[in-house]
Amino acid sequence: MKLPSPHLYAQLAGKPRRVSLTLFYALAGSAVAIVFLKGTHWLYNSIYPALARQGMWVFLGGSLAAIVISSLLVGLLLGKVRPDAAGSGIPQLKAAYWYDMGRLPWRAAWVKVVAGVISLGGGASLGREGPTVYASGAAASALAGALRISPVQRRAASLAGAAAGLAAAFNTPLAAITFVLEEILDDLDSRHLGPALLAAVTGAFCTWVACGRNPAFAVPGVDAVTWRSYLLAPLAATLAAGAAIAFQQSTLRLRLRIRARSDVPAMLRPLVGGMCVWALGAAVFLLSGRLGVFSLGYDDLAAALAGNVAWRVALLLLAAKLAATVLAYAWGGCGGIFAPTLFLGAMAGLVVAGFARVSGMALGDDADLLLALVGMSACFGATVRAPLTALLMVFEMTHRYEIVPALMIGTAVSQACARLFGGRWNFYDAVLEQDGIVPPKALTTGRATGKATV
């Protein structure tokens with residue numbers, strides 16, 4: 001009888017250790033995500049909703065002061081401590097994973113958290129999920145470095161932290177798994193599934209205990225939907241994908257132009273973006289009483305999903321939020337694109353539903369909600385080009401099987417639009433290419449044009 005090889009015994013003996021380490025990495029990433037979530041919500045709610053209740057002039061003066069101070073602090077942190085902490089952080093995480101064995105120091109984690117909380121709490125029109133993924137991955141990577149883990153396993157640590165962070169941010173563990181596999185790895189190989197699954201479940205459990213079932217926003221159930229609503233799903237997805245393409249192309253062009261031609265010092269650039277956000281946000285508040293242009297916009301997003309935002313107001317929010325997010329990101333703000341793209345997609349869906357009703361089409365009571373959810377999935381999916389993640393994320397937020405066919409239609413339409421009109425790369429890879437770093441996907445497709453270093 002042939003005995004098992006010593007190598008097999010070594011593998012079996014090492015599995016409990018690898019599982020334990022993955023759990024530690026996931027806990028580290030989850031802790032970062034929860035701190036980020038709670039810090040951002042506390043700071044934002046202490047400023048903007050509180051000022052809005054005090055009257056128009058108090059709000060205008062207070063919000064201006066808040067965005068100026070927060071933008072200056074963010075510029076100081078980015079300029080003096082960690083310049084690469086600007087933006088969402090996911091492109092930097094991908095580059096570190098592929099080109100630097102996943103090595104990210106503690107400084108990368110805490111600067112991203114502090115700058116992100118100040119930026120988003122101060123009103124910048126960006127998201128916290130991307131920075132959460134980066135900071136959680138960096139925390140896990142730094143923990144692996146402190147434990148003197150091998151470089152290969154340190155790469156795995158950054159993935160585990162990233163999966164836990166995203167799962168904790170939305171309480172969507174399935175979407176967190178697919179995002180890590182689709183976006184960071186560009187590989188659905190099952191050998192990566194086990195650690196990602198454990199990390200995502202841990203992240204979702206931690207945020208459920210600390211923040212409840214809906215850490216981002218509550219989504220109502222979808223019940224009264226007619227077949228006409230499903231016919232409008234491709235139109236909602238097309239408009240949402242169009243918003244995503246406009247965001248990506250406008251942001252990249254403006255970002256490149258600022259870097260090449262602007263005389264504004266790097267530390268003051270977030271202030272320029274912040275002032276633009278304030279002007280747009282103040283105008284929308286004066287016209288509609290809505291605060292959605294500022295920060296994540298989740299209060300107005302939740303109101304829209306609950307049917308409390310008219311389609312004309314949704315159109316105003318769509319245009320203003322798109323412009324504000326382009327300006328905030330291109331001018332070097334610290335924040336991501338998850339929240340803005342979900343917001344833009346929802347408003348696009350409401351606009352389509354509103355036009356349909358004005359045109360006399362008889363829709364079910366929940367048609368606005370269904371089309372808003374389709375728009376959310378389509379806009380996010382067209383931006384990051386991770387179709388499974390886009391579909392699963394919205395599904396996990398609702399737990400309603402009846403919306404899945406509409407989400408699938410919207411995902412297919414948005415991916416087609418993005419590939420036909422959005423350029424060869426998704427937003428994250430386009431940022432890497434603009435920074436002179438070869439997108440990892442180019443290494444296997446033969447489309448590399450930059451340098452494969454960070």
# chains A, B, ... in the order shown; residues from 1 in each chain; ligands from 1
call {"tool": "residues_around", "arguments": {"residues": "Gly116 in chain A", "least_positions_apart": "4", "cutoff": "12 Å", "atoms": "only C-alpha atoms", "output": "number ranges by chain"}}
result
A: 32-33, 35-41, 43-44, 70-71, 73-75, 77-78, 85-89, 108-112, 120-135, 295-296, 333-336
call {"tool": "residues_around", "arguments": {"residues": "Gln249 in chain A", "least_positions_apart": "6", "cutoff": "10 Å", "atoms": "only C-alpha atoms", "output": "PyMOL selection string"}}
result
chain A and resi 255+326+421-423+427+430
call {"tool": "write_last_selection", "arguments": {"atoms": "all heavy atoms", "output": "short mmCIF file (atom, residue, chain, number, x, y, z; two decimals), in the first residue's frame"}}
result
data_model
loop_
_atom_site.label_atom_id
_atom_site.label_comp_id
_atom_site.auth_asym_id
_atom_site.auth_seq_id
_atom_site.Cartn_x
_atom_site.Cartn_y
_atom_site.Cartn_z
N ARG A 255 -9.22 64.75 -14.22
CA ARG A 255 -8.10 64.35 -13.36
C ARG A 255 -6.76 64.52 -14.09
O ARG A 255 -5.79 65.04 -13.53
CB ARG A 255 -8.30 62.91 -12.93
CG ARG A 255 -7.29 62.34 -11.93
CD ARG A 255 -7.77 60.96 -11.52
NE ARG A 255 -6.91 60.36 -10.50
CZ ARG A 255 -5.96 59.48 -10.74
NH1 ARG A 255 -5.74 59.09 -12.00
NH2 ARG A 255 -5.23 58.98 -9.77
N VAL A 326 -17.74 63.93 -9.85
CA VAL A 326 -16.64 64.10 -10.81
C VAL A 326 -15.63 65.10 -10.28
O VAL A 326 -14.41 64.86 -10.28
CB VAL A 326 -17.19 64.55 -12.18
CG1 VAL A 326 -16.06 65.03 -13.09
CG2 VAL A 326 -17.96 63.43 -12.85
N PHE A 421 -19.22 51.71 -25.18
CA PHE A 421 -19.01 53.16 -25.14
C PHE A 421 -18.12 53.64 -23.99
O PHE A 421 -17.78 54.82 -23.95
CB PHE A 421 -20.37 53.88 -25.03
CG PHE A 421 -21.35 53.48 -26.08
CD1 PHE A 421 -22.46 52.71 -25.76
CD2 PHE A 421 -21.16 53.85 -27.41
CE1 PHE A 421 -23.38 52.33 -26.73
CE2 PHE A 421 -22.08 53.47 -28.38
CZ PHE A 421 -23.18 52.71 -28.05
N GLY A 422 -17.75 52.76 -23.08
CA GLY A 422 -17.02 53.19 -21.89
C GLY A 422 -15.52 53.05 -21.94
O GLY A 422 -14.85 53.31 -20.95
N GLY A 423 -14.97 52.62 -23.06
CA GLY A 423 -13.52 52.43 -23.12
C GLY A 423 -13.13 51.00 -22.77
O GLY A 423 -13.96 50.16 -22.44
N PHE A 427 -13.35 51.58 -14.33
CA PHE A 427 -12.85 52.82 -13.72
C PHE A 427 -11.54 52.60 -12.98
O PHE A 427 -10.59 53.38 -13.12
CB PHE A 427 -13.91 53.39 -12.78
CG PHE A 427 -13.51 54.69 -12.14
CD1 PHE A 427 -13.56 55.87 -12.85
CD2 PHE A 427 -13.05 54.72 -10.83
CE1 PHE A 427 -13.17 57.07 -12.27
CE2 PHE A 427 -12.67 55.91 -10.24
CZ PHE A 427 -12.72 57.09 -10.96
N ALA A 430 -8.65 52.00 -15.35
CA ALA A 430 -8.34 53.23 -16.07
C ALA A 430 -7.53 54.19 -15.20
O ALA A 430 -6.63 54.89 -15.68
CB ALA A 430 -9.62 53.89 -16.56
#
call {"tool": "residues_around", "arguments": {"residues": "Ser30 in chain A", "least_positions_apart": "4", "cutoff": "8 Å", "atoms": "only C-alpha atoms", "output": "mmCIF file with N, CA and C atoms, in the first residue's frame"}}
result
data_model
loop_
_atom_site.group_PDB
_atom_site.id
_atom_site.type_symbol
_atom_site.label_atom_id
_atom_site.label_comp_id
_atom_site.auth_asym_id
_atom_site.auth_seq_id
_atom_site.Cartn_x
_atom_site.Cartn_y
_atom_site.Cartn_z
ATOM 1 N N ALA A 26 -9.669 38.754 8.837
ATOM 2 C CA ALA A 26 -11.047 39.206 8.644
ATOM 3 C C ALA A 26 -11.520 40.070 9.809
ATOM 4 N N ILE A 34 -15.995 48.870 10.573
ATOM 5 C CA ILE A 34 -16.985 49.355 11.540
ATOM 6 C C ILE A 34 -16.595 50.734 12.059
ATOM 7 N N SER A 136 -9.235 48.142 5.026
ATOM 8 C CA SER A 136 -9.356 46.811 5.629
ATOM 9 C C SER A 136 -8.294 45.872 5.079
ATOM 10 N N GLY A 161 -8.803 40.687 4.185
ATOM 11 C CA GLY A 161 -9.206 41.951 4.795
ATOM 12 C C GLY A 161 -10.155 42.728 3.906
ATOM 13 N N ALA A 164 -13.655 41.090 3.933
ATOM 14 C CA ALA A 164 -14.334 41.367 5.196
ATOM 15 C C ALA A 164 -14.801 42.817 5.262
ATOM 16 N N GLY A 165 -13.966 43.731 4.768
ATOM 17 C CA GLY A 165 -14.324 45.147 4.812
ATOM 18 C C GLY A 165 -15.556 45.456 3.983
ATOM 19 N N ALA A 168 -18.666 43.968 5.566
ATOM 20 C CA ALA A 168 -19.069 44.761 6.727
ATOM 21 C C ALA A 168 -19.700 46.084 6.316
ATOM 22 N N THR A 202 -17.376 36.562 8.175
ATOM 23 C CA THR A 202 -16.930 37.207 9.412
ATOM 24 C C THR A 202 -17.241 38.696 9.398
ATOM 25 N N GLY A 203 -16.972 39.349 8.264
ATOM 26 C CA GLY A 203 -17.261 40.775 8.169
ATOM 27 C C GLY A 203 -18.733 41.089 8.315
ATOM 28 N N CYS A 206 -19.794 40.596 11.985
ATOM 29 C CA CYS A 206 -19.313 41.668 12.870
ATOM 30 C C CYS A 206 -20.151 42.932 12.722
ATOM 31 N N THR A 207 -20.446 43.311 11.481
ATOM 32 C CA THR A 207 -21.219 44.534 11.293
ATOM 33 C C THR A 207 -22.677 44.335 11.714
#
call {"tool": "atom_distance", "arguments": {"atom1": "CA of Ala199 in chain A", "atom2": "CA of Arg18 in chain A"}}
result
12.1 Å
call {"tool": "select_by_dssp", "arguments": {"residues": "range 79-196 of chain A", "states": "helix (DSSP H, G or I)", "output": "ChimeraX atom specification"}}
result
/A:79-80,83-85,90-99,106-121,129-146,151-170,173-184,190-196
call {"tool": "write_last_selection", "arguments": {"atoms": "C-alpha atoms", "output": "compact mmCIF listing (two decimals), in the first residue's frame"}}
result
# COMPACT_ATOMS: atom_id res chain seq x y z
CA GLY A 79 0.06 65.86 1.15
CA LYS A 80 2.25 65.26 4.19
CA PRO A 83 -0.31 61.00 -0.91
CA ASP A 84 -1.56 57.73 -2.43
CA ALA A 85 -4.50 57.66 0.01
CA ILE A 90 -9.05 50.05 -4.72
CA PRO A 91 -6.67 50.73 -7.65
CA GLN A 92 -3.82 51.04 -5.13
CA LEU A 93 -4.89 47.81 -3.42
CA LYS A 94 -4.92 45.99 -6.76
CA ALA A 95 -1.47 47.32 -7.60
CA ALA A 96 -0.10 46.29 -4.21
CA TYR A 97 -1.57 42.81 -4.56
CA TRP A 98 -0.26 42.17 -8.05
CA TYR A 99 3.06 44.03 -8.02
CA TRP A 106 -0.31 50.34 8.98
CA ARG A 107 0.01 53.95 7.87
CA ALA A 108 -1.94 53.18 4.70
CA ALA A 109 -4.83 51.87 6.83
CA TRP A 110 -5.08 54.60 9.43
CA VAL A 111 -4.52 57.52 7.04
CA LYS A 112 -7.25 56.19 4.77
CA VAL A 113 -9.66 55.83 7.69
CA VAL A 114 -8.94 59.23 9.23
CA ALA A 115 -8.89 61.11 5.92
CA GLY A 116 -11.97 59.24 4.73
CA VAL A 117 -14.00 59.98 7.85
CA ILE A 118 -13.04 63.66 7.73
CA SER A 119 -13.70 63.92 4.00
CA LEU A 120 -17.06 62.16 3.92
CA GLY A 121 -18.23 63.44 7.28
CA GLU A 129 -17.01 51.48 0.61
CA GLY A 130 -13.94 51.70 -1.64
CA PRO A 131 -11.78 53.30 1.06
CA THR A 132 -13.11 50.67 3.48
CA VAL A 133 -11.93 47.89 1.17
CA TYR A 134 -8.50 49.50 0.89
CA ALA A 135 -8.11 50.26 4.59
CA SER A 136 -9.36 46.81 5.63
CA GLY A 137 -7.01 45.13 3.18
CA ALA A 138 -4.13 47.30 4.38
CA ALA A 139 -4.87 46.50 8.03
CA ALA A 140 -4.86 42.77 7.32
CA SER A 141 -1.67 43.09 5.26
CA ALA A 142 0.05 45.02 8.02
CA LEU A 143 -1.05 42.42 10.57
CA ALA A 144 0.44 39.68 8.39
CA GLY A 145 3.67 41.67 8.17
CA ALA A 146 3.80 42.07 11.95
CA PRO A 151 4.98 37.23 1.09
CA VAL A 152 2.59 34.85 -0.70
CA GLN A 153 0.39 34.54 2.37
CA ARG A 154 0.55 38.30 2.87
CA ARG A 155 -1.15 38.70 -0.50
CA ALA A 156 -3.88 36.38 0.75
CA ALA A 157 -4.16 38.49 3.91
CA SER A 158 -4.89 41.65 1.90
CA LEU A 159 -7.66 39.80 0.04
CA ALA A 160 -9.21 38.49 3.24
CA GLY A 161 -9.21 41.95 4.79
CA ALA A 162 -10.73 43.47 1.66
CA ALA A 163 -13.53 40.89 1.53
CA ALA A 164 -14.33 41.37 5.20
CA GLY A 165 -14.32 45.15 4.81
CA LEU A 166 -16.79 45.17 1.93
CA ALA A 167 -19.06 42.62 3.60
CA ALA A 168 -19.07 44.76 6.73
CA ALA A 169 -19.75 47.96 4.78
CA PHE A 170 -23.00 46.68 3.22
CA PRO A 173 -21.16 38.75 2.04
CA LEU A 174 -21.91 37.17 -1.35
CA ALA A 175 -21.20 40.43 -3.18
CA ALA A 176 -18.00 40.84 -1.17
CA ILE A 177 -16.78 37.43 -2.32
CA THR A 178 -17.55 38.06 -5.97
CA PHE A 179 -16.02 41.56 -5.85
CA VAL A 180 -12.70 40.21 -4.61
CA LEU A 181 -12.72 37.48 -7.25
CA GLU A 182 -14.04 39.61 -10.15
CA GLU A 183 -12.34 42.92 -9.51
CA ILE A 184 -9.11 42.40 -7.59
CA SER A 190 -12.39 28.21 -6.71
CA ARG A 191 -9.04 27.98 -4.89
CA HIS A 192 -9.58 31.58 -3.74
CA LEU A 193 -13.17 30.98 -2.69
CA GLY A 194 -12.62 29.44 0.76
CA PRO A 195 -10.65 32.27 2.41
CA ALA A 196 -12.85 34.90 0.76
call {"tool": "closest_residue", "arguments": {"among": "A:Pro234, A:Gly289, A:Gly102, A:Gly354", "to": "Ile409 in chain A", "atoms": "only C-alpha atoms"}}
result
A:Pro234
call {"tool": "atom_distance", "arguments": {"atom1": "CA of Met361 in chain A", "atom2": "CA of Met347 in chain A"}}
result
19.0 Å
call {"tool": "atom_distance", "arguments": {"atom1": "CA of Met267 in chain A", "atom2": "CA of Leu76 in chain A"}}
result
5.7 Å
call {"tool": "residues_around", "arguments": {"residues": "range 376-390 of chain A", "least_positions_apart": "6", "cutoff": "9 Å", "atoms": "only C-alpha atoms", "output": "PyMOL selection string"}}
result
chain A and resi 174-179+182-183+236-245+247-248+337-349+407-408+410-419+422+425-429
call {"tool": "closest_residue", "arguments": {"among": "A:Val351, A:Cys276, A:Gly297, A:Ala330", "to": "Leu235 in chain A", "atoms": "only C-alpha atoms"}}
result
A:Val351
call {"tool": "closest_residue", "arguments": {"among": "A:Val352, A:Leu291, A:Ile69, A:Ala320", "to": "Ala50 in chain A", "atoms": "only C-alpha atoms"}}
result
A:Leu291
